[in-house]
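Chemist: File coords.pdb follows (PDB, C-alpha atoms and all ligand atoms):
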ATOM      1  CA  MET T 259       0.000   0.000   0.000
ATOM      2  CA  GLU T 260       1.089   3.589  -0.658
ATOM      3  CA  SER T 261       2.437   5.204   2.518
ATOM      4  CA  LEU T 262       1.686   8.703   3.753
ATOM      5  CA  SER T 263       3.525   8.115   6.971
ATOM      6  CA  GLY T 264       4.861  11.358   8.472
ATOM      7  CA  LYS T 265       2.604  13.474   6.227
ATOM      8  CA  THR T 266       0.006  15.971   7.361
ATOM      9  CA  GLY T 267      -3.128  16.919   5.470
ATOM     10  CA  ILE T 268      -6.187  19.113   5.578
ATOM     11  CA  VAL T 269      -9.575  18.022   4.270
ATOM     12  CA  PHE T 270     -12.235  20.513   3.144
ATOM     13  CA  GLY T 271     -15.706  19.158   2.349
ATOM     14  CA  VAL T 272     -16.742  16.401   4.740
ATOM     15  CA  ALA T 273     -20.487  16.737   5.346
ATOM     16  CA  ASN T 274     -21.188  13.158   6.455
ATOM     17  CA  LYS T 275     -19.965   9.587   6.050
ATOM     18  CA  ARG T 276     -21.142   9.452   2.435
ATOM     19  CA  SER T 277     -19.040  12.456   1.423
ATOM     20  CA  ILE T 278     -16.328  11.803  -1.165
ATOM     21  CA  ALA T 279     -14.025  13.805   1.123
ATOM     22  CA  TRP T 280     -14.582  11.285   3.911
ATOM     23  CA  ALA T 281     -13.667   8.360   1.641
ATOM     24  CA  ILE T 282     -10.405  10.049   0.633
ATOM     25  CA  ALA T 283      -9.680  11.160   4.206
ATOM     26  CA  GLN T 284     -10.083   7.598   5.459
ATOM     27  CA  ALA T 285      -7.673   6.336   2.795
ATOM     28  CA  TRP T 286      -5.149   9.044   3.715
ATOM     29  CA  HIS T 287      -5.540   8.218   7.418
ATOM     30  CA  ARG T 288      -5.077   4.465   6.861
ATOM     31  CA  ALA T 289      -1.889   5.246   4.947
ATOM     32  CA  GLY T 290      -0.525   7.063   8.005
ATOM     33  CA  ALA T 291      -1.326  10.745   7.416
ATOM     34  CA  ARG T 292      -2.230  13.056  10.279
ATOM     35  CA  LEU T 293      -5.308  15.054   9.299
ATOM     36  CA  ALA T 294      -7.249  18.232  10.025
ATOM     37  CA  PHE T 295     -10.849  18.732   8.908
ATOM     38  CA  THR T 296     -12.958  21.797   8.287
ATOM     39  CA  TYR T 297     -16.719  22.303   8.347
ATOM     40  CA  GLN T 298     -18.927  25.110   7.140
ATOM     41  CA  GLY T 299     -21.279  26.528   9.769
ATOM     42  CA  GLU T 300     -22.521  25.069  13.044
ATOM     43  CA  ARG T 301     -24.960  22.715  11.273
ATOM     44  CA  LEU T 302     -22.210  20.254  10.353
ATOM     45  CA  LYS T 303     -19.908  20.818  13.311
ATOM     46  CA  ASP T 304     -21.060  17.814  15.392
ATOM     47  CA  ASN T 305     -21.099  15.472  12.408
ATOM     48  CA  VAL T 306     -17.585  16.358  11.322
ATOM     49  CA  THR T 307     -16.235  16.365  14.883
ATOM     50  CA  GLU T 308     -17.640  12.876  15.479
ATOM     51  CA  LEU T 309     -16.232  11.493  12.226
ATOM     52  CA  ALA T 310     -12.829  13.094  12.826
ATOM     53  CA  ALA T 311     -12.701  11.687  16.378
ATOM     54  CA  SER T 312     -13.359   8.191  14.972
ATOM     55  CA  LEU T 313      -9.952   8.409  13.235
ATOM     56  CA  SER T 314      -7.967   9.743  16.137
ATOM     57  CA  ALA T 315      -8.707  11.608  19.341
ATOM     58  CA  ASP T 316      -6.384  14.511  18.538
ATOM     59  CA  THR T 317      -7.654  15.294  15.007
ATOM     60  CA  LEU T 318      -8.026  19.023  14.391
ATOM     61  CA  VAL T 319     -11.523  20.220  13.443
ATOM     62  CA  LEU T 320     -11.876  23.852  12.370
ATOM     63  CA  PRO T 321     -14.646  26.074  10.975
ATOM     64  CA  CYS T 322     -14.181  27.354   7.428
ATOM     65  CA  ASP T 323     -16.603  28.866   4.974
ATOM     66  CA  VAL T 324     -14.365  29.060   1.890
ATOM     67  CA  THR T 325     -16.004  32.298   0.752
ATOM     68  CA  ARG T 326     -14.457  34.041   3.794
ATOM     69  CA  ASP T 327     -10.785  34.977   3.505
ATOM     70  CA  GLU T 328     -10.422  35.590   7.248
ATOM     71  CA  GLU T 329     -11.639  32.034   8.027
ATOM     72  CA  ILE T 330      -9.181  30.563   5.502
ATOM     73  CA  GLN T 331      -6.359  32.561   7.073
ATOM     74  CA  GLN T 332      -7.352  31.373  10.548
ATOM     75  CA  VAL T 333      -7.468  27.716   9.464
ATOM     76  CA  PHE T 334      -3.959  27.738   8.018
ATOM     77  CA  ALA T 335      -2.542  29.672  10.997
ATOM     78  CA  THR T 336      -3.957  26.972  13.314
ATOM     79  CA  VAL T 337      -2.688  24.145  11.090
ATOM     80  CA  GLU T 338       0.791  25.680  11.038
ATOM     81  CA  LYS T 339       0.760  25.987  14.826
ATOM     82  CA  HIS T 340      -0.307  22.361  15.369
ATOM     83  CA  PHE T 341       1.375  20.536  12.475
ATOM     84  CA  GLY T 342       4.373  22.808  11.783
ATOM     85  CA  GLY T 343       3.910  22.162   8.052
ATOM     86  CA  LEU T 344       1.542  20.629   5.531
ATOM     87  CA  HIS T 345       1.816  18.037   2.723
ATOM     88  CA  LEU T 346      -1.730  17.309   1.550
ATOM     89  CA  LEU T 347      -4.846  19.348   0.822
ATOM     90  CA  LEU T 348      -8.202  18.025  -0.331
ATOM     91  CA  HIS T 349     -10.742  20.427  -1.865
ATOM     92  CA  SER T 350     -14.065  18.574  -2.034
ATOM     93  CA  ILE T 351     -16.445  21.515  -2.097
ATOM     94  CA  ALA T 352     -19.085  22.726  -4.510
ATOM     95  CA  TYR T 353     -22.238  24.774  -4.306
ATOM     96  CA  ALA T 354     -24.680  26.502  -6.624
ATOM     97  CA  PRO T 355     -28.057  27.997  -5.689
ATOM     98  CA  LYS T 356     -30.756  25.373  -6.231
ATOM     99  CA  GLU T 357     -32.681  27.383  -8.816
ATOM    100  CA  ALA T 358     -29.577  27.413 -11.020
ATOM    101  CA  LEU T 359     -29.575  23.602 -11.133
ATOM    102  CA  GLU T 360     -33.136  23.490 -12.461
ATOM    103  CA  GLY T 361     -34.467  24.601 -15.814
ATOM    104  CA  GLN T 362     -32.337  26.080 -18.541
ATOM    105  CA  PHE T 363     -28.717  27.200 -18.205
ATOM    106  CA  VAL T 364     -29.520  30.283 -20.271
ATOM    107  CA  ASN T 365     -31.536  31.594 -17.309
ATOM    108  CA  THR T 366     -28.608  31.494 -14.852
ATOM    109  CA  SER T 367     -28.616  34.748 -12.873
ATOM    110  CA  ARG T 368     -25.481  36.854 -12.418
ATOM    111  CA  GLU T 369     -25.628  36.156  -8.664
ATOM    112  CA  ALA T 370     -25.999  32.360  -9.036
ATOM    113  CA  PHE T 371     -23.079  32.359 -11.503
ATOM    114  CA  ARG T 372     -20.957  34.368  -9.076
ATOM    115  CA  ILE T 373     -21.750  32.181  -6.067
ATOM    116  CA  ALA T 374     -21.155  28.908  -7.940
ATOM    117  CA  HIS T 375     -17.758  30.083  -9.165
ATOM    118  CA  ASP T 376     -16.725  31.615  -5.847
ATOM    119  CA  VAL T 377     -17.510  28.517  -3.766
ATOM    120  CA  SER T 378     -16.646  25.823  -6.306
ATOM    121  CA  ALA T 379     -13.649  27.213  -8.237
ATOM    122  CA  TYR T 380     -12.082  30.359  -6.751
ATOM    123  CA  SER T 381     -11.878  28.640  -3.361
ATOM    124  CA  LEU T 382      -9.236  26.257  -4.765
ATOM    125  CA  VAL T 383      -7.041  29.235  -5.644
ATOM    126  CA  ALA T 384      -7.512  30.805  -2.216
ATOM    127  CA  LEU T 385      -6.800  27.533  -0.386
ATOM    128  CA  ALA T 386      -3.753  26.733  -2.537
ATOM    129  CA  ARG T 387      -2.310  30.208  -1.920
ATOM    130  CA  ALA T 388      -2.737  29.808   1.834
ATOM    131  CA  ALA T 389      -1.395  26.233   1.858
ATOM    132  CA  ALA T 390       1.691  26.752  -0.320
ATOM    133  CA  PRO T 391       3.882  28.496   2.311
ATOM    134  CA  LEU T 392       3.233  25.551   4.687
ATOM    135  CA  MET T 393       4.170  22.949   2.049
ATOM    136  CA  LYS T 394       7.878  23.448   2.576
ATOM    137  CA  ASP T 395       8.816  19.933   1.377
ATOM    138  CA  GLY T 396       6.394  20.021  -1.550
ATOM    139  CA  GLY T 397       2.853  18.729  -1.486
ATOM    140  CA  SER T 398      -0.205  17.387  -3.216
ATOM    141  CA  ILE T 399      -3.391  19.392  -3.702
ATOM    142  CA  LEU T 400      -6.445  17.517  -4.897
ATOM    143  CA  ALA T 401      -9.865  18.761  -6.045
ATOM    144  CA  LEU T 402     -13.038  17.001  -7.166
ATOM    145  CA  SER T 403     -14.525  17.651 -10.574
ATOM    146  CA  TYR T 404     -17.198  16.207 -12.828
ATOM    147  CA  TYR T 405     -17.617  15.447 -16.550
ATOM    148  CA  GLY T 406     -20.127  18.325 -16.866
ATOM    149  CA  ALA T 407     -17.000  20.530 -17.057
ATOM    150  CA  GLU T 408     -16.324  19.146 -20.529
ATOM    151  CA  LYS T 409     -19.668  18.084 -21.962
ATOM    152  CA  VAL T 410     -23.233  19.226 -21.486
ATOM    153  CA  VAL T 411     -24.961  17.196 -18.779
ATOM    154  CA  PRO T 412     -28.621  18.217 -18.469
ATOM    155  CA  HIS T 413     -29.427  19.900 -15.098
ATOM    156  CA  TYR T 414     -25.744  20.361 -14.188
ATOM    157  CA  ASN T 415     -25.872  23.837 -15.743
ATOM    158  CA  VAL T 416     -23.757  26.483 -14.010
ATOM    159  CA  MET T 417     -21.999  23.813 -11.960
ATOM    160  CA  GLY T 418     -20.512  22.470 -15.210
ATOM    161  CA  VAL T 419     -19.159  25.914 -16.019
ATOM    162  CA  ALA T 420     -17.755  26.245 -12.491
ATOM    163  CA  LYS T 421     -16.096  22.809 -12.804
ATOM    164  CA  ALA T 422     -14.524  23.902 -16.111
ATOM    165  CA  ALA T 423     -13.099  26.882 -14.205
ATOM    166  CA  LEU T 424     -11.927  24.551 -11.418
ATOM    167  CA  GLU T 425     -10.096  22.334 -13.917
ATOM    168  CA  ALA T 426      -8.440  25.362 -15.565
ATOM    169  CA  CYS T 427      -7.455  26.663 -12.106
ATOM    170  CA  THR T 428      -5.872  23.260 -11.440
ATOM    171  CA  ARG T 429      -3.631  23.647 -14.495
ATOM    172  CA  TYR T 430      -2.600  27.245 -13.715
ATOM    173  CA  LEU T 431      -1.934  26.379 -10.068
ATOM    174  CA  ALA T 432       0.107  23.344 -11.135
ATOM    175  CA  TYR T 433       2.262  25.652 -13.272
ATOM    176  CA  ASP T 434       2.718  28.266 -10.532
ATOM    177  CA  LEU T 435       3.396  25.824  -7.702
ATOM    178  CA  GLY T 436       5.375  23.181  -9.625
ATOM    179  CA  PRO T 437       8.770  24.776  -8.815
ATOM    180  CA  GLN T 438       7.892  24.317  -5.108
ATOM    181  CA  LYS T 439       7.225  20.614  -5.782
ATOM    182  CA  ILE T 440       3.547  21.157  -5.091
ATOM    183  CA  ARG T 441       1.348  19.080  -7.390
ATOM    184  CA  VAL T 442      -2.248  20.016  -8.160
ATOM    185  CA  ASN T 443      -4.691  17.530  -9.679
ATOM    186  CA  CYS T 444      -8.412  16.846 -10.049
ATOM    187  CA  ILE T 445     -10.316  13.620  -9.736
ATOM    188  CA  SER T 446     -13.310  13.685 -12.067
ATOM    189  CA  ALA T 447     -15.682  11.331 -10.300
ATOM    190  CA  GLY T 448     -18.616   9.451 -11.757
ATOM    191  CA  PRO T 449     -21.900  10.081  -9.919
ATOM    192  CA  VAL T 450     -22.048   9.119  -6.223
ATOM    193  CA  ASN T 451     -25.156   9.442  -4.073
ATOM    194  CA  THR T 452     -24.118  12.226  -1.665
ATOM    195  CA  LEU T 453     -25.840  15.240  -0.117
ATOM    196  CA  ALA T 454     -24.548  17.605  -2.825
ATOM    197  CA  ALA T 455     -25.496  15.187  -5.637
ATOM    198  CA  ARG T 456     -29.098  15.021  -4.481
ATOM    199  CA  GLY T 457     -29.424  18.708  -5.290
ATOM    200  CA  ILE T 458     -28.988  17.935  -8.982
ATOM    201  CA  GLY T 459     -32.210  17.274 -10.916
ATOM    202  CA  GLY T 460     -32.551  13.734 -12.323
ATOM    203  CA  PHE T 461     -29.666  12.406 -10.242
ATOM    204  CA  THR T 462     -31.177   8.924  -9.744
ATOM    205  CA  ASP T 463     -31.636   8.563 -13.499
ATOM    206  CA  MET T 464     -28.017   9.634 -13.944
ATOM    207  CA  LEU T 465     -26.848   6.753 -11.720
ATOM    208  CA  LYS T 466     -28.904   4.290 -13.790
ATOM    209  CA  HIS T 467     -27.637   5.786 -17.045
ATOM    210  CA  TYR T 468     -24.003   5.364 -15.996
ATOM    211  CA  GLU T 469     -24.621   1.812 -14.866
ATOM    212  CA  ALA T 470     -26.169   0.954 -18.225
ATOM    213  CA  ASN T 471     -23.600   2.713 -20.432
ATOM    214  CA  ALA T 472     -20.200   2.864 -18.727
ATOM    215  CA  PRO T 473     -17.747   0.270 -20.100
ATOM    216  CA  LEU T 474     -17.547  -1.331 -16.635
ATOM    217  CA  ARG T 475     -21.403  -1.387 -16.447
ATOM    218  CA  ARG T 476     -21.539  -0.019 -12.913
ATOM    219  CA  ASN T 477     -21.049   3.100 -10.855
ATOM    220  CA  VAL T 478     -17.857   4.058  -9.050
ATOM    221  CA  THR T 479     -17.634   3.315  -5.303
ATOM    222  CA  LEU T 480     -16.476   5.628  -2.548
ATOM    223  CA  GLU T 481     -13.647   3.201  -1.762
ATOM    224  CA  GLU T 482     -12.381   3.503  -5.344
ATOM    225  CA  LEU T 483     -12.377   7.302  -5.106
ATOM    226  CA  GLY T 484     -10.484   6.970  -1.815
ATOM    227  CA  ALA T 485      -7.899   4.728  -3.482
ATOM    228  CA  THR T 486      -7.312   7.205  -6.327
ATOM    229  CA  GLY T 487      -7.110  10.054  -3.813
ATOM    230  CA  LEU T 488      -4.452   8.096  -1.957
ATOM    231  CA  PHE T 489      -2.478   7.373  -5.132
ATOM    232  CA  LEU T 490      -2.491  11.043  -6.202
ATOM    233  CA  ALA T 491      -1.323  12.088  -2.735
ATOM    234  CA  SER T 492       1.490   9.553  -2.691
ATOM    235  CA  ASP T 493       5.024   9.540  -4.094
ATOM    236  CA  GLY T 494       3.797   7.092  -6.741
ATOM    237  CA  ALA T 495       2.187  10.094  -8.432
ATOM    238  CA  ALA T 496       5.281  12.304  -8.061
ATOM    239  CA  ALA T 497       5.354  13.179 -11.791
ATOM    240  CA  ILE T 498       1.605  13.779 -12.144
ATOM    241  CA  THR T 499       0.402  17.381 -11.935
ATOM    242  CA  GLY T 500      -2.178  19.613 -13.609
ATOM    243  CA  GLN T 501      -4.257  16.572 -14.590
ATOM    244  CA  VAL T 502      -7.905  15.635 -14.472
ATOM    245  CA  ILE T 503      -8.065  11.914 -13.705
ATOM    246  CA  TYR T 504     -11.386  10.284 -14.550
ATOM    247  CA  VAL T 505     -12.630   7.746 -12.003
ATOM    248  CA  ASP T 506     -15.962   6.965 -13.630
ATOM    249  CA  CYS T 507     -15.892   3.319 -14.729
ATOM    250  CA  GLY T 508     -14.894   4.577 -18.190
ATOM    251  CA  TYR T 509     -18.102   6.503 -18.920
ATOM    252  CA  CYS T 510     -16.295   9.532 -20.398
ATOM    253  CA  ILE T 511     -14.730   7.566 -23.267
ATOM    254  CA  MET T 512     -18.118   6.823 -24.823
ATOM    255  CA  GLY T 513     -19.103   8.774 -27.936
ATOM    256  CA  MET T 514     -22.480   7.126 -28.285
ATOM    257  CA  GLN T 515     -24.656   5.623 -25.626
ATOM    258  CA  THR T 516     -27.084   2.874 -26.457
ATOM    259  CA  ALA T 517     -28.858   1.821 -23.308
ATOM    260  CA  ALA T 518     -31.467   4.093 -21.738
ATOM    261  CA  GLY T 519     -30.947   4.321 -17.988
ATOM    262  CA  GLY T 520     -34.057   6.293 -17.157
ATOM    263  CA  SER T 521     -36.269   9.019 -18.464
TER
HETATM  264  P1  LIG S 601     -21.068  16.498  -0.008
HETATM  265  O1  LIG S 601     -20.840  15.349   0.892
HETATM  266  O2  LIG S 601     -22.376  17.216   0.121
HETATM  267  O3  LIG S 601     -19.843  17.519   0.112
HETATM  268  C1  LIG S 601     -19.890  18.842  -0.381
HETATM  269  C2  LIG S 601     -19.233  19.695   0.660
HETATM  270  O4  LIG S 601     -19.048  21.047   0.198
HETATM  271  C3  LIG S 601     -20.062  19.785   1.924
HETATM  272  O5  LIG S 601     -19.269  19.469   3.034
HETATM  273  C4  LIG S 601     -20.480  21.239   1.922
HETATM  274  O6  LIG S 601     -20.804  21.768   3.174
HETATM  275  C5  LIG S 601     -19.252  21.871   1.339
HETATM  276  N1  LIG S 601     -19.444  23.296   1.043
HETATM  277  C6  LIG S 601     -20.386  23.874   0.262
HETATM  278  N2  LIG S 601     -20.250  25.203   0.323
HETATM  279  C7  LIG S 601     -19.191  25.478   1.132
HETATM  280  C8  LIG S 601     -18.549  26.666   1.589
HETATM  281  N3  LIG S 601     -18.962  27.888   1.218
HETATM  282  N4  LIG S 601     -17.485  26.548   2.433
HETATM  283  C9  LIG S 601     -17.059  25.341   2.825
HETATM  284  N5  LIG S 601     -17.627  24.181   2.450
HETATM  285  C10 LIG S 601     -18.685  24.259   1.609
HETATM  286  O7  LIG S 601     -21.007  16.026  -1.543
HETATM  287  P2  LIG S 601     -19.888  15.309  -2.437
HETATM  288  O8  LIG S 601     -20.635  14.711  -3.569
HETATM  289  O9  LIG S 601     -18.986  14.475  -1.594
HETATM  290  O10 LIG S 601     -19.103  16.566  -3.032
HETATM  291  C11 LIG S 601     -17.705  16.735  -2.907
HETATM  292  C12 LIG S 601     -17.105  17.205  -4.219
HETATM  293  O11 LIG S 601     -17.205  16.152  -5.172
HETATM  294  C13 LIG S 601     -17.777  18.417  -4.841
HETATM  295  O12 LIG S 601     -16.792  19.253  -5.422
HETATM  296  C14 LIG S 601     -18.626  17.793  -5.934
HETATM  297  O13 LIG S 601     -18.949  18.681  -6.984
HETATM  298  C15 LIG S 601     -17.686  16.698  -6.381
HETATM  299  N6  LIG S 601     -18.288  15.628  -7.197
HETATM  300  C16 LIG S 601     -19.348  14.925  -6.730
HETATM  301  C17 LIG S 601     -19.900  13.921  -7.520
HETATM  302  C18 LIG S 601     -21.100  13.142  -7.037
HETATM  303  O14 LIG S 601     -21.763  12.505  -7.850
HETATM  304  N7  LIG S 601     -21.392  13.124  -5.753
HETATM  305  C19 LIG S 601     -19.362  13.633  -8.780
HETATM  306  C20 LIG S 601     -18.259  14.371  -9.228
HETATM  307  C21 LIG S 601     -17.737  15.365  -8.417
HETATM  308  P3  LIG S 601     -22.365  22.208   3.426
HETATM  309  O15 LIG S 601     -23.160  20.934   3.383
HETATM  310  O16 LIG S 601     -22.329  22.887   4.718
HETATM  311  O17 LIG S 601     -22.752  23.135   2.294
END
Would it be possible to restate this file's structure as structure tokens?
Modeler:
Amino acid sequence: MESLSGKTGIVFGVANKRSIAWAIAQAWHRAGARLAFTYQGERLKDNVTELAASLSADTLVLPCDVTRDEEIQQVFATVEKHFGGLHLLLHSIAYAPKEALEGQFVNTSREAFRIAHDVSAYSLVALARAAAPLMKDGGSILALSYYGAEKVVPHYNVMGVAKAALEACTRYLAYDLGPQKIRVNCISAGPVNTLAARGIGGFTDMLKHYEANAPLRRNVTLEELGATGLFLASDGAAAITGQVIYVDCGYCIMGMQTAAGGS
């Protein structure tokens, strides 16, 4: 197994045990990394604290709404104080106002566009900038994307545009931070039934459609996303940066789908 022994990491985006962030965090923890977690708002505090404590009693748990620069600054100051340095960062965060994920993309409001890009794409830039000075021995920054960045996926709307921005940010950050041996990559995950996913119209049909049409004829599991997250964080991926790695049972290679998975 890949080892992250002696490494420290921070995980943004655990909402509950079904979160993709939790799957990757567990894989990082099992490989020996010491982790800190953040949560947005009091609503998720208890959940995240309980999950973090299940890994280790001394896991750091800190508040952070990624749209607030002062909270980001506070998080990294605390991490520096407790860990001394940082090797790994997971960005597993996305949000768009619900009305922007319904109906036609052409009706996206200026405000919904702004919010989706601020939370889902700009936040990676802000977190990377704050993390870089702590990654004195190099590091691995990982974000979560989706195929709607590249192709039109009905209902995904402004989130697809924000993911395209996230993937472009990944490449520009990889270029800027490469000389500091900091790698920046995205995992483009196939659909997983999480809290955020349920906000997307027709999500259940999407799961069925993937199962019917992906070359592997199934959906990706959380464990498989955890395993890829571990690989990208490890020295085995030392020459991989600026990439979008698809973990979707091969769905994205298809040019024509034949089986109907739902309405
Ligand atoms: P999730 O468990 O609901 O995680 C999303 C996280 O983003 C939540 O913890 C959420 O916290 C957090 N978040 C939203 N706005 C935030 C803000 N302003 N500041 C800090 N945190 C904020 O869902 P998930 O599916 O695991 O999503 C994780 C990532 O995977 C996202 O980038 C998503 O787009 C991506 N992804 C998901 C799928 C899928 O099918 N599930 C597929 C491809 C990519 P709150 O609940 O408090 O808002």
Chemist: Mind checking which residues fall within 8 Å of Ala279 of chain T, counting only C-alpha atoms, ignoring those fewer than 6 positions away in the same chain, and posting them as a PyMOL selection string?
Modeler: chain T and resi 269-272+348-350
Chemist: Please measure the separation of atom CA of Ala485 of chain T and atom O7 of ligand LIG 601 (chain S), giving the value in Å to one decimal.
Modeler: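 Spanning atom CA of Ala485 of chain T to atom O7 of ligand LIG 601 (chain S) is a straight-line distance of 17.4 Å.
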Chemist: Find, counting only C-alpha atoms and all ligand atoms, the residue in T:Cys322, T:Ala496, T:Ala426, T:Ala407 that gets nearest to ligand LIG 601 (chain S).
Modeler: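 Result for the nearest residue to ligand LIG 601 (chain S): T:Cys322.
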Chemist: So how far away is atom CA of Ala311 of chain T from atom CA of Phe341 of chain T, in Å?
Modeler: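 These atoms are spaced 17.1 Å apart.
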Chemist: Residues of chain T that approach ligand LIG 601 (chain S) to 7 Å or less, counting all atoms listed in the file: could you list each one with the shortest pair of atoms and its distance in Å to one decimal, rows by chain and increasing residue number, as CSV?
Modeler:
residue,atom,partner,partner_atom,distance
T:Phe270,CA,S:LIG601,N5,6.6
T:Gly271,CA,S:LIG601,O5,3.6
T:Val272,CA,S:LIG601,O5,4.3
T:Ala273,CA,S:LIG601,O5,3.8
T:Asn274,CA,S:LIG601,O1,6.0
T:Arg276,CA,S:LIG601,O1,6.1
T:Ser277,CA,S:LIG601,O1,3.4
T:Ile278,CA,S:LIG601,O9,3.8
T:Ala279,CA,S:LIG601,O9,5.7
T:Tyr297,CA,S:LIG601,N5,6.3
T:Gln298,CA,S:LIG601,C9,4.7
T:Gly299,CA,S:LIG601,O16,6.3
T:Leu302,CA,S:LIG601,O16,6.2
T:Cys322,CA,S:LIG601,C9,5.8
T:Asp323,CA,S:LIG601,N4,3.6
T:Val324,CA,S:LIG601,N4,4.0
T:Thr325,CA,S:LIG601,N3,5.3
T:Ser350,CA,S:LIG601,C12,4.0
T:Ile351,CA,S:LIG601,O4,3.5
T:Ala352,CA,S:LIG601,O12,4.3
T:Tyr353,CA,S:LIG601,C6,5.0
T:Val377,CA,S:LIG601,N3,5.2
T:Ser378,CA,S:LIG601,O12,6.6
T:Ala401,CA,S:LIG601,O12,7.0
T:Leu402,CA,S:LIG601,O11,4.7
T:Ser403,CA,S:LIG601,C21,4.5
T:Tyr404,CA,S:LIG601,C20,4.2
T:Ser446,CA,S:LIG601,C20,5.7
T:Ala447,CA,S:LIG601,C20,4.1
T:Gly448,CA,S:LIG601,C19,5.2
T:Pro449,CA,S:LIG601,O14,3.2
T:Val450,CA,S:LIG601,O14,3.8
T:Asn451,CA,S:LIG601,N7,5.5
T:Thr452,CA,S:LIG601,O8,4.7
T:Leu453,CA,S:LIG601,O2,4.0
T:Ala454,CA,S:LIG601,O2,3.7
T:Ala455,CA,S:LIG601,N7,4.6
Chemist: Please indicate the distance in Å from atom CA of Ala390 of chain T to atom CA of Gln438 of chain T, rounded to one decimal place.
Modeler: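 Between atom CA of Ala390 of chain T and atom CA of Gln438 of chain T the gap is 8.2 Å.
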Chemist: Could you name the residues that touch Pro473 of chain T at 9 Å or less, counting all atoms listed in the file, but leaving out those on the same chain fewer than 5 positions away, as JSON, numbers by chain?
Modeler: {"T": [507, 508, 509, 511, 512]}
Chemist: Could you name the residues that touch Gly460 of chain T at 10 Å or less, counting all atoms listed in the file, but leaving out those on the same chain fewer than 3 positions away, as a PyMOL selection string?
Modeler: chain T and resi 360+412-414+455-457+463-465+520-521
Chemist: Taking (2.7, 4.8, 3.5) in the file's coordinates, which residues come within 10 Å, counting only C-alpha atoms, written as a ChimeraX atom specification?
Modeler: /T:259-265,286-291,488,492-493
Chemist: Anything within 9 Å of (-13.3, 24.1, 11.5): list those residues as number ranges by chain, counting only C-alpha atoms and sticking to the file's coordinates.
Modeler: T: 294-299, 303, 306-307, 318-323, 329, 333
Chemist: Restricting the calculation to all atoms listed in the file, which member of T:Gly513, T:Gly459, T:Pro355, T:Tyr468 is positioned closest to Lys409 of chain T?
Modeler: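 Ranked by minimum distance to Lys409 of chain T, first place goes to T:Gly513.
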Chemist: Ranking T:Cys444, T:Ala472, T:Leu480, T:Val411 by minimum distance to Ala517 of chain T and counting only C-alpha atoms, which one comes first?
Modeler: T:Ala472
Chemist: Find the residues near Glu481 of chain T: any atom within 9 Å, counting only C-alpha atoms, skip ones fewer than 5 places away on the same chain, and give them as a ChimeraX atom specification.
Modeler: /T:281-282,285,486
Chemist: Show which residues sit within 9 Å of segment 385-388 of chain T, as a list in words. Count only C-alpha atoms, and ignore same-chain residues fewer than 6 positions away.
Modeler: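 Contacts, in chain order: Val324, Ile330, Gln331, Phe334, Leu347, His349, Ile399, Leu431, Leu435 and Val442 of chain T.
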Chemist: Write the selection just made, keeping C-alpha atoms, as a PDB file, keeping the file's coordinate frame?
Modeler:
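Resulting contents of out_7.pdb:
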ATOM      1  CA  VAL T 324     -14.365  29.060   1.890  1.00  0.00           C
ATOM      2  CA  ILE T 330      -9.181  30.563   5.502  1.00  0.00           C
ATOM      3  CA  GLN T 331      -6.359  32.561   7.073  1.00  0.00           C
ATOM      4  CA  PHE T 334      -3.959  27.738   8.018  1.00  0.00           C
ATOM      5  CA  LEU T 347      -4.846  19.348   0.822  1.00  0.00           C
ATOM      6  CA  HIS T 349     -10.742  20.427  -1.865  1.00  0.00           C
ATOM      7  CA  ILE T 399      -3.391  19.392  -3.702  1.00  0.00           C
ATOM      8  CA  LEU T 431      -1.934  26.379 -10.068  1.00  0.00           C
ATOM      9  CA  LEU T 435       3.396  25.824  -7.702  1.00  0.00           C
ATOM     10  CA  VAL T 442      -2.248  20.016  -8.160  1.00  0.00           C
TER      11      VAL T 442
END
Chemist: Identify all residues satisfying the PyMOL selection byres (((chain T and resi 293) around 6) and not hetatm) in the given file; provide them as a PDB file with C-alpha atoms, keeping the file's coordinate frame.
Modeler:
ATOM      1  CA  THR T 266       0.006  15.971   7.361  1.00  0.00           C
ATOM      2  CA  GLY T 267      -3.128  16.919   5.470  1.00  0.00           C
ATOM      3  CA  ILE T 268      -6.187  19.113   5.578  1.00  0.00           C
ATOM      4  CA  ARG T 292      -2.230  13.056  10.279  1.00  0.00           C
ATOM      5  CA  ALA T 294      -7.249  18.232  10.025  1.00  0.00           C
TER       6      ALA T 294
END
Chemist: Go through T:Leu344, T:Phe461, T:Asp395, T:Asp376 and flag the residue nearest Arg326 of chain T, using only C-alpha atoms for the distances.
Modeler: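 Ranking T:Leu344, T:Phe461, T:Asp395, T:Asp376 by distance to Arg326 of chain T, first place goes to T:Asp376.
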Chemist: Choose the residue, out of T:Leu359, T:Leu392, T:Gln515, T:Cys427, that has the smallest atom-to-atom separation from Lys339 of chain T; count only C-alpha atoms.
Modeler: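 Distance minimum relative to Lys339 of chain T lands on T:Leu392.
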